[in-house]
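Participant: Please see the structure below; I have some questions.
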Amino acid sequence: MKIVALSFTILMLVSCGKVANTSSPDSVISADAARWPNPKLVPICFTNKDVVSQEIYRDLLNTAVNEFAKAGVHFRKWRECEAQDYNDSIIRVQFKNVYNWNNSSYSYGGGKSKVGMTRRALNDGNGSTLWIKLDDDYPNQEGRKRDTVIAGTRSAFLHEIGHALGLLHEHTRTDYNPDGGECEAGENHDNIRESAGDIDYIGRPDYDSVMSYCNLKVAKLSQGDIAGIQALYPELKD
Ligand SMILES: [Zn+2]
């Protein structure tokens with residue numbers, strides 16, 4: 001499950017440093033996050049979509065469309081951002097092309113997003129409200145590396161959109177205690193400034209959540225992620 005935000009002013013930033021269980025419908029939501037007025041049609045655009053291959057763009061599009069549809073969330077626009085978009089409340093995505101997936105060692109994942117609806121850009125976002133790190137092309141060769149990079153990039157994108165809807169980090173729940181004890185999340189906890197607002201825990205800790213740093217390669221929403229989104233937007237249950 002998830003952490004979700006519930007009221008209406010927010011400027012929480014969530015920085016995700018994922019570079020790198022089990023389950024139930026639970027989640028963490030920001031009680032302070034501004035809600036999208038129509039979660040069945042959330043506007044999204046891209047500030048620099050041409051810096052990545054069509055394969056990546058389409059892959060992320062398909063992943064987000066298919067996964068968030070499970071919660072009843074759909075998107076509109078889904079194109080290059082236009083001038084007016086920079087004055088409007090819309091998820092503006094920037095691709096930060098910083099990795100080199102043709103190296104023998106490689107990184108994947110990582111991103112940042114505003115929590116909830118906003119028209120204000122991230123400080124380091126060049127006009128965007130959400131960015132993720134990637135390379136311009138997925139690795140060409142089939143194999144584990146390619147699979148890992150794809151899964152991690154999909155996961156990062158779902159995670160950041162989750163923030164944009166109002167979800168917070170599952171692994172920062174005070175009752176979060178995965179079976180294995182520590183997970184990869186630990187070192188990144190202090191990037192997070194969530195204490196600024198009201199937080200609601202929905203259900204029990206969700207060890208499958210895409211909002212947890214313990215699941216850096218989980219490229220799908222958990223039942224808890226869906227429950228968290230529907231706690232933020234009860235109209236989606238209809
Ligand atoms: Zn995050």
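Simple scheme: letters A, B, ... for chains in structure tokens order, numbers from 1 for residues in each chain, numbers from 1 for ligands in the order shown.
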Fewer than 4 positions away in the same chain doesn't count, so skip those; otherwise give me all residues within 7 Å of Lys217 (chain A), counting only C-alpha atoms, as a count of residues only.
Facilitator: 3
Participant: Please provide the set of residues having any atom within 9 Å of region 38-54 of chain A, restricted to only C-alpha atoms, with same-chain residues fewer than 3 positions apart removed, written as a PyMOL selection string.
Facilitator: chain A and resi 35+57-59+69+72-82+85+89-97+126-128+134-138+165+233+235-236
Participant: Output C-alpha atoms for every residue in that selection, as an mmCIF file, in the first residue's frame.
Facilitator:
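And here's out_25.cif as it stands now:
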data_model
loop_
_atom_site.group_PDB
_atom_site.id
_atom_site.type_symbol
_atom_site.label_atom_id
_atom_site.label_comp_id
_atom_site.auth_asym_id
_atom_site.auth_seq_id
_atom_site.Cartn_x
_atom_site.Cartn_y
_atom_site.Cartn_z
ATOM 1 C CA ARG A 35 -5.918 16.678 -6.272
ATOM 2 C CA TYR A 57 8.782 6.721 -25.281
ATOM 3 C CA ARG A 58 6.220 4.194 -26.429
ATOM 4 C CA ASP A 59 7.266 1.697 -23.815
ATOM 5 C CA ALA A 69 -5.931 2.234 -15.989
ATOM 6 C CA GLY A 72 -9.263 4.087 -13.231
ATOM 7 C CA VAL A 73 -6.728 6.828 -14.009
ATOM 8 C CA HIS A 74 -6.346 7.829 -17.638
ATOM 9 C CA PHE A 75 -4.303 10.529 -19.296
ATOM 10 C CA ARG A 76 -4.897 13.188 -21.875
ATOM 11 C CA LYS A 77 -2.568 15.149 -24.132
ATOM 12 C CA TRP A 78 0.410 12.819 -23.902
ATOM 13 C CA ARG A 79 2.518 14.757 -26.388
ATOM 14 C CA GLU A 80 5.291 17.327 -26.479
ATOM 15 C CA CYS A 81 4.561 20.224 -24.102
ATOM 16 C CA GLU A 82 3.395 23.399 -25.797
ATOM 17 C CA ASP A 85 1.312 23.947 -20.861
ATOM 18 C CA SER A 89 -1.420 22.408 -14.028
ATOM 19 C CA ILE A 90 -0.192 19.445 -15.993
ATOM 20 C CA ILE A 91 2.396 16.743 -15.426
ATOM 21 C CA ARG A 92 5.377 17.962 -17.439
ATOM 22 C CA VAL A 93 7.882 15.175 -17.863
ATOM 23 C CA GLN A 94 11.535 15.700 -18.598
ATOM 24 C CA PHE A 95 13.831 12.886 -19.656
ATOM 25 C CA LYS A 96 17.263 13.335 -18.136
ATOM 26 C CA ASN A 97 19.507 11.484 -20.490
ATOM 27 C CA ASN A 126 13.864 22.995 -16.811
ATOM 28 C CA GLY A 127 10.161 23.666 -16.617
ATOM 29 C CA SER A 128 9.196 20.117 -15.770
ATOM 30 C CA LEU A 134 17.597 7.227 -18.457
ATOM 31 C CA ASP A 135 19.615 6.848 -21.648
ATOM 32 C CA ASP A 136 18.403 7.589 -25.151
ATOM 33 C CA ASP A 137 17.955 3.941 -26.086
ATOM 34 C CA TYR A 138 17.386 0.733 -24.235
ATOM 35 C CA LEU A 165 -1.161 11.822 -8.215
ATOM 36 C CA TYR A 233 -9.805 9.970 -5.692
ATOM 37 C CA GLU A 235 -14.720 8.856 -7.610
ATOM 38 C CA LEU A 236 -12.507 6.281 -9.314
#
Participant: Nearest to ligand 1: which of A:Asp238, A:Asp208, A:Glu170, A:Asp225 is it, counting only C-alpha atoms and all ligand atoms?
Facilitator: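 Between A:Asp238, A:Asp208, A:Glu170, A:Asp225, the residue approaching ligand 1 most closely is A:Glu170.
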Participant: Mind pulling up the distance from CA of Leu122 (chain A) to CA of His159 (chain A)?
Facilitator: 16.5 Å
Participant: Report the distance between CA of Met117 (chain A) and CA of Ile150 (chain A) in Å, rounded to one decimal place.
Facilitator: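 Computing it gives 27.1 Å between the two atoms.
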